[in-house]
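The file coords-v7.cif comes next; it holds mmCIF, C-alpha atoms.
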data_final
#
loop_
_atom_site.label_atom_id
_atom_site.label_comp_id
_atom_site.auth_asym_id
_atom_site.auth_seq_id
_atom_site.Cartn_x
_atom_site.Cartn_y
_atom_site.Cartn_z
CA MET A 1 -63.49 15.46 29.54
CA LYS A 2 -65.23 12.61 31.40
CA LYS A 3 -65.53 10.47 28.29
CA TYR A 4 -61.71 10.46 27.91
CA ARG A 5 -60.99 9.70 31.57
CA PHE A 6 -60.62 5.97 30.91
CA TYR A 7 -58.08 6.53 28.11
CA ILE A 8 -56.06 8.95 30.23
CA ILE A 9 -55.94 6.49 33.14
CA PHE A 10 -54.96 3.70 30.76
CA CYS A 11 -52.09 5.73 29.26
CA VAL A 12 -50.80 6.72 32.71
CA LEU A 13 -50.82 3.10 33.91
CA LEU A 14 -49.17 1.95 30.68
CA ALA A 15 -46.44 4.58 31.04
CA LEU A 16 -45.82 3.52 34.66
CA TYR A 17 -45.55 -0.12 33.59
CA ILE A 18 -43.04 0.78 30.90
CA LEU A 19 -40.95 2.80 33.32
CA LEU A 20 -40.95 -0.06 35.81
CA ALA A 21 -40.02 -2.55 33.09
CA VAL A 22 -37.16 -0.37 31.87
CA PHE A 23 -35.68 0.82 35.16
CA ARG A 24 -36.34 -2.10 37.48
CA PRO A 25 -33.15 -3.79 38.79
CA LYS A 26 -32.18 -6.64 36.52
CA GLN A 27 -31.55 -10.01 38.09
CA LEU A 28 -28.20 -11.57 37.34
CA ASP A 29 -28.66 -14.21 34.69
CA TRP A 30 -26.20 -17.13 34.85
CA THR A 31 -27.38 -18.66 31.60
CA VAL A 32 -24.52 -19.61 29.29
CA THR A 33 -25.13 -17.54 26.14
CA LEU A 34 -21.67 -16.41 24.98
CA GLN A 35 -23.36 -13.75 22.89
CA GLY A 36 -21.33 -10.75 21.90
CA LYS A 37 -23.94 -8.29 23.17
CA ASP A 38 -24.55 -10.11 26.49
CA LYS A 39 -23.03 -8.48 29.60
CA ASN A 40 -24.18 -11.25 31.93
CA PRO A 41 -21.47 -13.43 33.53
CA TYR A 42 -21.59 -16.06 30.81
CA GLY A 43 -21.97 -13.69 27.88
CA ALA A 44 -19.05 -12.69 25.65
CA TYR A 45 -19.40 -8.91 25.61
CA ILE A 46 -15.83 -8.27 26.83
CA LEU A 47 -14.20 -10.59 24.32
CA TYR A 48 -16.27 -9.31 21.41
CA HIS A 49 -15.30 -5.71 22.13
CA GLN A 50 -11.63 -6.61 22.72
CA LEU A 51 -11.19 -8.32 19.36
CA LYS A 52 -10.27 -5.03 17.72
CA ASP A 53 -7.46 -4.55 20.24
CA LEU A 54 -6.18 -8.10 19.70
CA PHE A 55 -6.39 -7.81 15.91
CA PRO A 56 -6.08 -4.10 15.06
CA SER A 57 -5.94 -4.63 11.28
CA ALA A 58 -9.02 -6.86 11.11
CA VAL A 59 -12.61 -5.95 10.32
CA ILE A 60 -15.04 -7.56 12.80
CA LEU A 61 -18.22 -8.85 11.13
CA THR A 62 -21.12 -10.35 13.09
CA ASP A 63 -23.16 -12.93 11.20
CA ARG A 64 -26.51 -14.61 11.94
CA LEU A 65 -26.30 -17.25 9.21
CA PRO A 66 -25.40 -20.95 9.25
CA VAL A 67 -21.81 -21.73 8.27
CA TYR A 68 -22.89 -23.03 4.87
CA SER A 69 -24.81 -19.85 4.00
CA GLN A 70 -22.13 -17.53 5.36
CA LEU A 71 -19.26 -19.22 3.49
CA ARG A 72 -21.15 -20.44 0.42
CA ASP A 73 -19.52 -17.99 -2.02
CA SER A 74 -16.47 -17.22 0.07
CA VAL A 75 -13.13 -16.58 -1.66
CA ASP A 76 -11.54 -15.18 1.50
CA ARG A 77 -7.87 -15.48 2.38
CA ARG A 78 -6.22 -14.60 5.70
CA THR A 79 -9.51 -14.37 7.62
CA ALA A 80 -10.83 -16.15 10.73
CA TYR A 81 -14.20 -17.64 11.68
CA LEU A 82 -15.00 -17.65 15.44
CA LEU A 83 -17.59 -20.19 16.56
CA ILE A 84 -17.87 -19.85 20.35
CA ALA A 85 -21.10 -21.41 21.59
CA PRO A 86 -22.33 -23.85 24.26
CA GLU A 87 -23.30 -26.32 21.51
CA LEU A 88 -22.39 -26.49 17.85
CA PRO A 89 -24.77 -28.77 15.91
CA LEU A 90 -23.22 -28.38 12.46
CA HIS A 91 -24.71 -30.24 9.51
CA PRO A 92 -22.49 -32.13 7.05
CA GLU A 93 -22.90 -29.32 4.49
CA ASP A 94 -21.71 -26.79 7.09
CA ILE A 95 -18.69 -28.94 7.98
CA HIS A 96 -17.72 -29.42 4.34
CA ARG A 97 -17.93 -25.70 3.68
CA LEU A 98 -16.02 -24.83 6.89
CA LEU A 99 -13.14 -27.22 6.12
CA LYS A 100 -12.97 -25.94 2.54
CA TYR A 101 -12.81 -22.41 3.93
CA VAL A 102 -9.92 -23.40 6.23
CA ALA A 103 -8.06 -25.25 3.47
CA GLY A 104 -8.24 -22.12 1.32
CA GLY A 105 -5.93 -20.23 3.68
CA ASN A 106 -8.16 -19.18 6.57
CA ASP A 107 -8.52 -20.18 10.23
CA ALA A 108 -11.54 -21.35 12.19
CA PHE A 109 -11.69 -21.18 15.98
CA ILE A 110 -14.27 -23.40 17.70
CA ALA A 111 -15.00 -23.34 21.46
CA THR A 112 -17.89 -25.49 22.62
CA TYR A 113 -19.00 -28.20 25.02
CA SER A 114 -20.55 -30.28 22.26
CA LEU A 115 -19.29 -30.64 18.69
CA GLY A 116 -22.24 -32.70 17.54
CA THR A 117 -22.06 -36.14 16.01
CA ALA A 118 -21.27 -35.06 12.44
CA LEU A 119 -18.32 -32.82 13.35
CA SER A 120 -16.99 -35.25 15.96
CA ASP A 121 -16.96 -38.07 13.41
CA THR A 122 -15.34 -35.89 10.75
CA LEU A 123 -12.52 -34.73 13.07
CA HIS A 124 -12.25 -38.08 14.92
CA LEU A 125 -12.78 -36.34 18.26
CA ARG A 126 -14.69 -37.31 21.40
CA MET A 127 -15.42 -34.98 24.30
CA SER A 128 -15.98 -35.98 27.90
CA GLY A 129 -18.71 -33.45 28.56
CA PRO A 130 -18.57 -31.17 31.65
CA VAL A 131 -18.88 -32.93 35.00
CA HIS A 132 -20.22 -30.67 37.76
CA ASN A 133 -19.16 -32.15 41.09
CA ILE A 134 -20.79 -30.29 44.00
CA PHE A 135 -18.16 -31.56 46.44
CA ARG A 136 -15.31 -29.81 44.63
CA THR A 137 -14.51 -26.29 45.67
CA ASP A 138 -12.79 -25.35 42.40
CA SER A 139 -12.83 -26.40 38.82
CA LEU A 140 -9.69 -27.81 37.25
CA ARG A 141 -7.02 -25.38 36.18
CA VAL A 142 -6.27 -24.78 32.51
CA ASN A 143 -2.89 -24.08 30.98
CA PHE A 144 -0.98 -24.01 27.70
CA THR A 145 1.58 -26.49 26.44
CA ASN A 146 3.59 -23.64 24.94
CA GLN A 147 5.95 -22.49 27.68
CA ARG A 148 5.84 -18.90 26.48
CA LEU A 149 2.12 -18.80 27.26
CA ALA A 150 1.95 -21.21 30.21
CA THR A 151 2.11 -20.18 33.87
CA ASP A 152 3.39 -22.20 36.80
CA SER A 153 0.03 -22.47 38.53
CA GLY A 154 -2.21 -22.37 35.46
CA TYR A 155 -5.48 -20.43 35.23
CA LEU A 156 -8.25 -21.02 37.76
CA PHE A 157 -12.00 -20.55 37.53
CA ARG A 158 -14.36 -21.12 40.49
CA LYS A 159 -17.53 -22.44 38.90
CA PHE A 160 -16.99 -26.20 38.27
CA THR A 161 -17.09 -25.47 34.56
CA LEU A 162 -13.62 -26.09 33.11
CA ASP A 163 -13.55 -29.88 33.40
CA ASN A 164 -14.46 -30.73 29.80
CA TYR A 165 -11.68 -32.36 27.74
CA PHE A 166 -11.02 -34.55 24.69
CA LYS A 167 -11.34 -38.27 25.39
CA LYS A 168 -10.28 -39.14 21.85
CA ILE A 169 -7.98 -37.25 19.46
CA ASP A 170 -6.71 -37.96 15.96
CA THR A 171 -3.05 -37.93 16.98
CA ALA A 172 -1.93 -38.03 13.34
CA ARG A 173 -3.43 -34.61 12.70
CA ALA A 174 -4.17 -32.89 16.02
CA GLU A 175 -1.62 -30.83 17.95
CA VAL A 176 -2.35 -30.27 21.65
CA LEU A 177 -2.13 -26.59 22.62
CA GLY A 178 -3.78 -26.62 26.07
CA VAL A 179 -4.37 -29.05 28.92
CA LEU A 180 -6.18 -29.33 32.23
CA SER A 181 -4.28 -29.67 35.50
CA GLY A 182 -4.76 -33.43 35.24
CA GLY A 183 -3.01 -33.55 31.87
CA GLN A 184 -6.11 -34.01 29.70
CA ALA A 185 -6.10 -32.09 26.43
CA ASP A 186 -8.73 -29.37 26.15
CA PHE A 187 -7.31 -27.20 23.34
CA ILE A 188 -6.04 -28.53 20.01
CA ARG A 189 -5.46 -27.43 16.44
CA MET A 190 -5.61 -29.37 13.19
CA LYS A 191 -4.04 -28.54 9.84
CA PHE A 192 -6.29 -28.46 6.78
CA GLY A 193 -4.71 -27.29 3.55
CA LYS A 194 -3.33 -23.79 4.05
CA GLY A 195 -5.17 -23.04 7.30
CA TYR A 196 -5.78 -24.29 10.82
CA LEU A 197 -8.87 -25.44 12.67
CA TYR A 198 -8.70 -24.70 16.42
CA VAL A 199 -10.99 -26.56 18.83
CA HIS A 200 -11.35 -25.62 22.52
CA ALA A 201 -13.33 -27.80 24.92
CA ALA A 202 -14.00 -25.06 27.53
CA PRO A 203 -16.05 -22.26 25.91
CA LEU A 204 -16.43 -20.46 29.24
CA CYS A 205 -12.78 -19.49 29.00
CA PHE A 206 -14.10 -16.81 26.64
CA SER A 207 -16.92 -15.56 28.88
CA ASN A 208 -17.14 -12.26 30.74
CA TYR A 209 -16.90 -13.86 34.19
CA PHE A 210 -13.80 -15.88 33.32
CA MET A 211 -11.96 -12.91 31.83
CA VAL A 212 -12.46 -10.67 34.88
CA PHE A 213 -11.41 -13.40 37.33
CA GLY A 214 -7.75 -12.96 38.35
CA ASN A 215 -5.44 -12.79 35.36
CA ASN A 216 -7.59 -15.07 33.21
CA ASP A 217 -7.86 -12.46 30.47
CA ALA A 218 -4.26 -13.42 29.62
CA TYR A 219 -5.41 -16.99 28.98
CA THR A 220 -8.16 -15.87 26.61
CA ALA A 221 -5.76 -13.58 24.76
CA GLY A 222 -3.17 -16.38 24.64
CA ALA A 223 -5.64 -18.84 23.12
CA LEU A 224 -6.57 -16.36 20.41
CA SER A 225 -2.93 -15.41 19.82
CA TYR A 226 -2.55 -18.55 17.71
CA LEU A 227 -4.58 -16.78 15.05
CA PRO A 228 -2.45 -14.62 12.72
CA ARG A 229 -2.32 -11.07 14.05
CA ASP A 230 -2.54 -9.58 10.55
CA ILE A 231 -5.78 -11.29 9.49
CA LYS A 232 -8.06 -9.07 7.42
CA THR A 233 -11.50 -10.13 8.65
CA ILE A 234 -12.93 -11.91 11.69
CA TYR A 235 -16.39 -13.48 11.39
CA TRP A 236 -18.07 -13.56 14.79
CA ASP A 237 -20.86 -16.13 14.79
CA GLU A 238 -24.16 -15.46 16.60
CA TYR A 239 -26.38 -17.89 14.71
CA TYR A 240 -25.55 -20.94 16.85
CA LYS A 241 -26.12 -18.97 20.06
CA GLN A 242 -29.28 -16.97 19.44
CA GLY A 243 -31.12 -19.22 17.03
CA ALA A 244 -34.74 -18.52 16.10
CA ASP A 245 -36.15 -18.33 19.64
CA TYR A 246 -36.15 -15.25 21.81
CA SER A 247 -36.34 -15.53 25.59
CA GLY A 248 -37.66 -12.52 27.47
CA SER A 249 -40.77 -10.44 27.90
CA VAL A 250 -42.57 -8.83 25.00
CA MET A 251 -41.62 -5.40 26.32
CA ASN A 252 -37.93 -6.31 26.42
CA PHE A 253 -38.19 -7.58 22.86
CA PHE A 254 -39.56 -4.21 21.70
CA LEU A 255 -37.07 -2.17 23.68
CA THR A 256 -34.01 -4.13 22.54
CA HIS A 257 -34.70 -3.58 18.83
CA ARG A 258 -34.05 -0.05 17.68
CA PHE A 259 -36.80 0.34 15.08
CA LEU A 260 -39.42 -1.40 17.22
CA ARG A 261 -38.42 0.85 20.11
CA TRP A 262 -38.87 3.95 17.95
CA ALA A 263 -42.27 2.69 16.76
CA TRP A 264 -43.34 2.02 20.36
CA TRP A 265 -42.43 5.47 21.66
CA LEU A 266 -43.92 7.14 18.57
CA ALA A 267 -47.20 5.29 19.14
CA LEU A 268 -47.29 6.42 22.77
CA LEU A 269 -46.49 10.00 21.81
CA THR A 270 -49.21 10.21 19.16
CA THR A 271 -51.74 8.64 21.55
CA ALA A 272 -50.88 11.21 24.21
CA LEU A 273 -51.18 14.10 21.71
CA TYR A 274 -54.54 12.79 20.52
CA LEU A 275 -55.89 12.61 24.07
CA LEU A 276 -54.51 16.06 24.85
CA PHE A 277 -56.25 17.79 21.96
CA ALA A 278 -59.35 15.60 21.78
CA SER A 279 -60.10 16.11 25.47
CA LYS A 280 -60.65 19.86 24.96
CA ARG A 281 -64.21 21.20 24.68
CA ARG A 282 -65.53 20.64 21.21
CA GLN A 283 -67.98 22.86 19.30
CA ARG A 284 -71.36 21.28 18.76
CA VAL A 285 -71.73 19.66 15.39
CA ILE A 286 -73.38 22.08 12.95
CA PRO A 287 -76.08 20.27 11.00
CA GLU A 288 -75.55 20.09 7.29
CA MET A 289 -77.99 22.29 5.35
CA ASP A 290 -79.17 21.66 1.84
CA PRO A 291 -78.06 24.26 -0.71
CA MET A 292 -80.63 26.87 -1.68
CA THR A 293 -82.67 25.99 -4.75
CA ASN A 294 -83.98 28.29 -7.46
CA THR A 295 -87.73 28.56 -6.80
CA SER A 296 -88.49 31.17 -9.45
CA LEU A 297 -90.13 28.67 -11.78
CA ASP A 298 -92.24 27.26 -8.94
CA PHE A 299 -93.29 30.80 -8.04
CA VAL A 300 -94.34 31.52 -11.59
CA LYS A 301 -96.33 28.29 -11.76
CA THR A 302 -98.01 29.09 -8.46
CA VAL A 303 -98.99 32.59 -9.56
CA GLY A 304 -100.15 31.30 -12.93
CA ASN A 305 -102.31 28.63 -11.32
CA LEU A 306 -103.77 31.30 -9.03
CA TYR A 307 -104.87 33.49 -11.95
CA PHE A 308 -106.03 30.51 -13.95
CA ASN A 309 -108.17 29.14 -11.17
CA ARG A 310 -109.79 32.58 -10.65
CA LYS A 311 -110.57 32.81 -14.41
CA ASP A 312 -108.93 36.24 -14.50
CA ASN A 313 -108.06 36.04 -18.20
CA LYS A 314 -107.71 39.82 -18.60
CA ASN A 315 -105.01 40.00 -15.91
CA ILE A 316 -103.15 37.02 -17.35
CA ALA A 317 -103.23 38.54 -20.86
CA ASP A 318 -101.98 41.92 -19.59
CA LYS A 319 -99.01 40.27 -17.85
CA LYS A 320 -98.16 38.16 -20.88
CA MET A 321 -98.24 41.26 -23.11
CA THR A 322 -96.26 43.34 -20.60
CA HIS A 323 -93.57 40.66 -20.48
CA PHE A 324 -93.57 40.38 -24.31
CA LEU A 325 -93.20 44.12 -24.87
CA GLU A 326 -90.37 44.24 -22.31
CA PHE A 327 -88.67 41.47 -24.25
CA VAL A 328 -89.01 43.47 -27.51
CA ARG A 329 -87.54 46.58 -25.92
CA ALA A 330 -84.60 44.77 -24.19
CA ARG A 331 -83.78 42.25 -26.89
CA LEU A 332 -84.73 43.94 -30.18
CA TYR A 333 -84.29 47.57 -29.09
CA LEU A 334 -87.66 48.77 -30.45
CA SER A 335 -90.06 51.30 -29.00
CA THR A 336 -93.44 49.81 -28.03
CA SER A 337 -95.31 53.08 -27.50
CA HIS A 338 -97.40 52.66 -30.68
CA LEU A 339 -98.46 49.25 -31.98
CA ASP A 340 -98.98 50.46 -35.56
CA GLN A 341 -97.96 49.31 -39.03
CA GLU A 342 -94.54 50.89 -38.72
CA PHE A 343 -93.95 48.91 -35.49
CA ILE A 344 -95.11 45.69 -37.21
CA VAL A 345 -92.68 46.13 -40.11
CA ALA A 346 -89.76 47.01 -37.81
CA LEU A 347 -90.49 44.04 -35.49
CA ALA A 348 -90.70 41.61 -38.42
CA ARG A 349 -87.40 42.88 -39.82
CA LYS A 350 -85.59 42.78 -36.47
CA SER A 351 -86.89 39.38 -35.40
CA ASP A 352 -86.75 37.75 -38.84
CA VAL A 353 -90.34 36.55 -38.34
CA ASP A 354 -92.89 36.60 -41.16
CA VAL A 355 -94.79 39.91 -41.38
CA GLY A 356 -98.11 38.05 -41.45
CA ARG A 357 -97.36 36.26 -38.15
CA VAL A 358 -96.27 39.52 -36.52
CA THR A 359 -99.45 41.25 -37.83
CA ASP A 360 -101.67 38.53 -36.33
CA LEU A 361 -99.82 38.78 -33.01
CA VAL A 362 -100.10 42.56 -32.80
CA ASN A 363 -103.79 42.48 -33.74
CA LEU A 364 -104.48 39.95 -30.95
CA MET A 365 -102.60 42.19 -28.50
CA ILE A 366 -104.65 45.28 -29.55
CA GLN A 367 -107.86 43.28 -29.24
CA ALA A 368 -106.84 42.09 -25.74
CA GLN A 369 -105.94 45.62 -24.64
CA THR A 370 -109.21 47.16 -25.82
CA SER A 371 -111.57 44.41 -24.65
CA PRO A 372 -112.92 44.71 -21.10
CA HIS A 373 -113.25 40.94 -20.87
CA ILE A 374 -111.17 38.22 -22.55
CA GLY A 375 -112.44 34.79 -23.28
CA SER A 376 -110.44 31.61 -23.01
CA GLU A 377 -110.21 31.27 -26.79
CA LEU A 378 -108.65 34.71 -27.24
CA LEU A 379 -106.24 34.12 -24.34
CA SER A 380 -105.20 30.78 -25.82
CA GLN A 381 -104.55 32.32 -29.26
CA LEU A 382 -102.55 35.19 -27.74
CA ASN A 383 -100.44 32.80 -25.65
CA ARG A 384 -99.78 30.53 -28.65
CA HIS A 385 -98.68 33.43 -30.88
CA ILE A 386 -96.37 34.87 -28.22
CA ASP A 387 -94.75 31.44 -27.59
CA ASP A 388 -94.27 30.92 -31.32
CA PHE A 389 -92.57 34.33 -31.55
CA TYR A 390 -90.20 33.42 -28.68
CA LYS A 391 -89.23 30.18 -30.41
CA LYS A 392 -88.46 31.98 -33.65
CA VAL A 393 -86.36 34.68 -31.98
CA LYS A 394 -84.60 32.70 -29.20
#
Give the structure from this file in structure tokens form.
Amino acid sequence: MKKYRFYIIFCVLLALYILLAVFRPKQLDWTVTLQGKDKNPYGAYILYHQLKDLFPSAVILTDRLPVYSQLRDSVDRRTAYLLIAPELPLHPEDIHRLLKYVAGGNDAFIATYSLGTALSDTLHLRMSGPVHNIFRTDSLRVNFTNQRLATDSGYLFRKFTLDNYFKKIDTARAEVLGVLSGGQADFIRMKFGKGYLYVHAAPLCFSNYFMVFGNNDAYTAGALSYLPRDIKTIYWDEYYKQGADYSGSVMNFFLTHRFLRWAWWLALLTTALYLLFASKRRQRVIPEMDPMTNTSLDFVKTVGNLYFNRKDNKNIADKKMTHFLEFVRARLYLSTSHLDQEFIVALARKSDVDVGRVTDLVNLMIQAQTSPHIGSELLSQLNRHIDDFYKKVK
């Protein structure tokens, strides 16, 4: 148990850190993200989840691709592309594809502080850029030019953020839809082919904080009401807001992605199970033993060497003959009580060995049985004849 103490302490501390990271109070983040999943003041969670109420017949699709890639093979009609982001650095290829998409009978709605040089030059627009004056108590009010949407006092927001407007407009094409309290245009639309391109200079009018302030949600809904209510699909862009970088801790990154979160908890669970079962008392390792070997041949060699070294030829001959006669009885089914001519003939017939060879073998056996002492020459002849008989029969 002691050898796993370090791992147990490590897992406990890691679990405590995770719990603190997950359940600690989150600080309010005032970063302007305008992301559909972001519930912070300047996220766009409310708007993103209200789109279905504003356009009940539309399918809401979130995309993480540049405009060119998203609309490259598009043949859509009666759809809308929402590009709501702090900055919108579109490339010329993106702009060409977007305007072709609009001309084909769709609408694009842009809300940003910065259109980028390429889009500004294409649309002949110039923005003032937001001016944050610390001596002002309120930002400018925003309102519509359409009297059915406008209010007497306009719509107020208390964060010095709604002062961006268009310094230059292509009056031959652009129609002003919204203005600041000073009369500057901040919301326009432009006709391209069969569709409209809407451009709003105050993207925070679509943020969570703006929509919950007073009756400002009516302004956001009014701005989007210019889009056809019966559009089939709304593309909600996230590419120009999230980009390739991720800001946050490594733990938050894991816990905000479903499959990574599952992998993380599964890894912790398996580690805990391993420590739980591995920490129990283990049986001592049983040493591996070699399999038993057949030592019969070694035994025979040992016994043979013993008799041979003692020069006990008589004993060796008796054992050889005893083994041979047992072989004849078990293998050839012959009686070995009398080693006579009848036995020789029967053994030759049964074994298919020449009668002369069998006669010589039997004579050597009789000589070995009747002699009190056996010389090495007789023992060698007897052994050779018996081995030759085995080879013929086996």
- So which residues get picked by the PyMOL selection byres ((chain A and resi 340-347) around 12) here, written as an MDAnalysis selection string? chainID A and resid 325 327:329 331:339 348:363 365:366 389 393
Determine, for each residue of range 66-132 of chain A having at least one atom at most 12 Å from an atom of range 189-212 of chain A, the closest pair of atoms and their separation in Å to one decimal, counting all atoms listed in the file; order by chain and ascending number, as a tab-separated table.
residue	atom	partner	partner_atom	distance
A:Asp76	CA	A:Gly195	CA	11.7
A:Arg77	CA	A:Gly195	CA	9.4
A:Arg78	CA	A:Gly195	CA	8.7
A:Thr79	CA	A:Gly195	CA	9.7
A:Ala80	CA	A:Gly195	CA	9.6
A:Tyr81	CA	A:Leu197	CA	9.5
A:Leu82	CA	A:Tyr198	CA	9.5
A:Leu83	CA	A:Val199	CA	9.4
A:Ile84	CA	A:Pro203	CA	6.3
A:Ala85	CA	A:Pro203	CA	6.7
A:Pro86	CA	A:Pro203	CA	6.7
A:Glu87	CA	A:Pro203	CA	9.4
A:Leu88	CA	A:Pro203	CA	11.1
A:Ile95	CA	A:Leu197	CA	11.4
A:His96	CA	A:Phe192	CA	11.7
A:Leu98	CA	A:Leu197	CA	9.2
A:Leu99	CA	A:Phe192	CA	7.0
A:Lys100	CA	A:Phe192	CA	8.3
A:Tyr101	CA	A:Gly195	CA	8.4
A:Val102	CA	A:Gly195	CA	4.9
A:Ala103	CA	A:Gly193	CA	3.9
A:Gly104	CA	A:Lys194	CA	5.9
A:Gly105	CA	A:Lys194	CA	4.4
A:Asn106	CA	A:Gly195	CA	4.9
A:Asp107	CA	A:Tyr196	CA	5.0
A:Ala108	CA	A:Leu197	CA	4.9
A:Phe109	CA	A:Tyr198	CA	4.6
A:Ile110	CA	A:Val199	CA	4.7
A:Ala111	CA	A:His200	CA	4.4
A:Thr112	CA	A:Pro203	CA	5.0
A:Tyr113	CA	A:Ala201	CA	5.7
A:Ser114	CA	A:Ala201	CA	8.1
A:Leu115	CA	A:Ala201	CA	9.1
A:Leu119	CA	A:Val199	CA	11.1
A:Ser120	CA	A:Val199	CA	10.9
A:Thr122	CA	A:Met190	CA	12.0
A:Leu123	CA	A:Met190	CA	8.7
A:His124	CA	A:Met190	CA	11.1
A:Leu125	CA	A:Val199	CA	10.0
A:Arg126	CA	A:Ala201	CA	10.2
A:Met127	CA	A:Ala201	CA	7.5
A:Ser128	CA	A:Ala201	CA	9.1
A:Gly129	CA	A:Ala201	CA	8.6
A:Pro130	CA	A:Ala202	CA	8.7
A:Val131	CA	A:Ala202	CA	11.9
The selected residues should be written to file as a short mmCIF file (atom, residue, chain, number, x, y, z; two decimals), in the coordinates of the input (atoms: C-alpha atoms).
data_model
loop_
_atom_site.label_atom_id
_atom_site.label_comp_id
_atom_site.auth_asym_id
_atom_site.auth_seq_id
_atom_site.Cartn_x
_atom_site.Cartn_y
_atom_site.Cartn_z
CA ASP A 76 -11.54 -15.18 1.50
CA ARG A 77 -7.87 -15.48 2.38
CA ARG A 78 -6.22 -14.60 5.70
CA THR A 79 -9.51 -14.37 7.62
CA ALA A 80 -10.83 -16.15 10.73
CA TYR A 81 -14.20 -17.64 11.68
CA LEU A 82 -15.00 -17.65 15.44
CA LEU A 83 -17.59 -20.19 16.56
CA ILE A 84 -17.87 -19.85 20.35
CA ALA A 85 -21.10 -21.41 21.59
CA PRO A 86 -22.33 -23.85 24.26
CA GLU A 87 -23.30 -26.32 21.51
CA LEU A 88 -22.39 -26.49 17.85
CA ILE A 95 -18.69 -28.94 7.98
CA HIS A 96 -17.72 -29.42 4.34
CA LEU A 98 -16.02 -24.83 6.89
CA LEU A 99 -13.14 -27.22 6.12
CA LYS A 100 -12.97 -25.94 2.54
CA TYR A 101 -12.81 -22.41 3.93
CA VAL A 102 -9.92 -23.40 6.23
CA ALA A 103 -8.06 -25.25 3.47
CA GLY A 104 -8.24 -22.12 1.32
CA GLY A 105 -5.93 -20.23 3.68
CA ASN A 106 -8.16 -19.18 6.57
CA ASP A 107 -8.52 -20.18 10.23
CA ALA A 108 -11.54 -21.35 12.19
CA PHE A 109 -11.69 -21.18 15.98
CA ILE A 110 -14.27 -23.40 17.70
CA ALA A 111 -15.00 -23.34 21.46
CA THR A 112 -17.89 -25.49 22.62
CA TYR A 113 -19.00 -28.20 25.02
CA SER A 114 -20.55 -30.28 22.26
CA LEU A 115 -19.29 -30.64 18.69
CA LEU A 119 -18.32 -32.82 13.35
CA SER A 120 -16.99 -35.25 15.96
CA THR A 122 -15.34 -35.89 10.75
CA LEU A 123 -12.52 -34.73 13.07
CA HIS A 124 -12.25 -38.08 14.92
CA LEU A 125 -12.78 -36.34 18.26
CA ARG A 126 -14.69 -37.31 21.40
CA MET A 127 -15.42 -34.98 24.30
CA SER A 128 -15.98 -35.98 27.90
CA GLY A 129 -18.71 -33.45 28.56
CA PRO A 130 -18.57 -31.17 31.65
CA VAL A 131 -18.88 -32.93 35.00
#
- Item | Picked residues, the PyMOL selection byres ((chain A and resi 179) around 10), expected as a PyMOL selection string | chain A and resi 140-145+154+165-166+176-178+180-188+201
Near range 215-220 of chain A, 12 Å: range 47-67 of chain A residue rows, closest pairs, only C-alpha atoms, as JSON lines:
{"residue": "A:Leu47", "atom": "CA", "partner": "A:Thr220", "partner_atom": "CA", "distance": 8.3}
{"residue": "A:Tyr48", "atom": "CA", "partner": "A:Thr220", "partner_atom": "CA", "distance": 11.7}
{"residue": "A:Gln50", "atom": "CA", "partner": "A:Asp217", "partner_atom": "CA", "distance": 10.4}
{"residue": "A:Leu51", "atom": "CA", "partner": "A:Thr220", "partner_atom": "CA", "distance": 10.9}
{"residue": "A:Leu54", "atom": "CA", "partner": "A:Thr220", "partner_atom": "CA", "distance": 10.6}
- Query: For the file shown, what are the residues hit by the PyMOL selection byres ((chain A and resi 271) around 12), laid out as a list in words?
  - Reply: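 Here the PyMOL selection byres ((chain A and resi 271) around 12) matches Tyr4, Tyr7, Ile8, Phe10, Cys11, Val12, Leu14, Ala15, Trp264, Trp265, Leu266, Ala267, Leu268, Leu269, Thr270, Ala272, Leu273, Tyr274, Leu275, Leu276, Phe277, Ala278 and Ser279 of chain A.
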- Query: Which distance in Å separates CA of Ile234 in chain A and CA of Asp94 in chain A, to one decimal?
  - Reply: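 So the two atoms, CA of Ile234 in chain A and CA of Asp94 in chain A, lie 17.9 Å apart.
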- Could you check which of A:Arg158, A:Lys241, A:Arg97, A:Arg24 is closest to Asp73 in chain A, using all atoms listed in the file?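 So, comparing all the options, the nearest one is A:Arg97.
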- Message: Using all atoms listed in the file for the distances, tell me which of A:Gly375, A:Gly36, A:Asn146, A:Met292 is nearest to Ile60 in chain A.
- Response: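 The closest residue to Ile60 in chain A is A:Gly36.
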- Message: Can you measure CA of Pro66 in chain A to CA of Asp121 in chain A for me? One decimal in Å is fine.
- Response: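 These two atoms are separated by 19.5 Å.
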- Query: Any idea what the distance is between CA of Lys320 in chain A and CA of Thr293 in chain A?
  - Reply: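 Value for the CA of Lys320 in chain A-CA of Thr293 in chain A distance: 25.5 Å.
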Specify the axis-aligned box that encloses all atoms of range 203-217 of chain A listed in the file after padding of 6 Å on each side, stating its centre and edge lengths in Å to one decimal as JSON.
{"center_x": -11.3, "center_y": -16.5, "center_z": 32.1, "size_x": 23.7, "size_y": 23.6, "size_z": 24.4}
- Message: Applying 12 Å and all atoms listed in the file, which residues near His49 in chain A remain after dropping the ones on its own chain fewer than 3 positions away? List them as a VMD selection string.
- Response: chain A and resid 35 to 39 43 to 46 52 to 56 60 to 62 208 236
- Item | For Ala118 in chain A: contacts at 7 Å, all atoms listed in the file, fewer than 6 positions along chain excluded, given as a list in words |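 Near Ala118 in chain A, the qualifying residues are Leu90, His91 and Pro92 of chain A.
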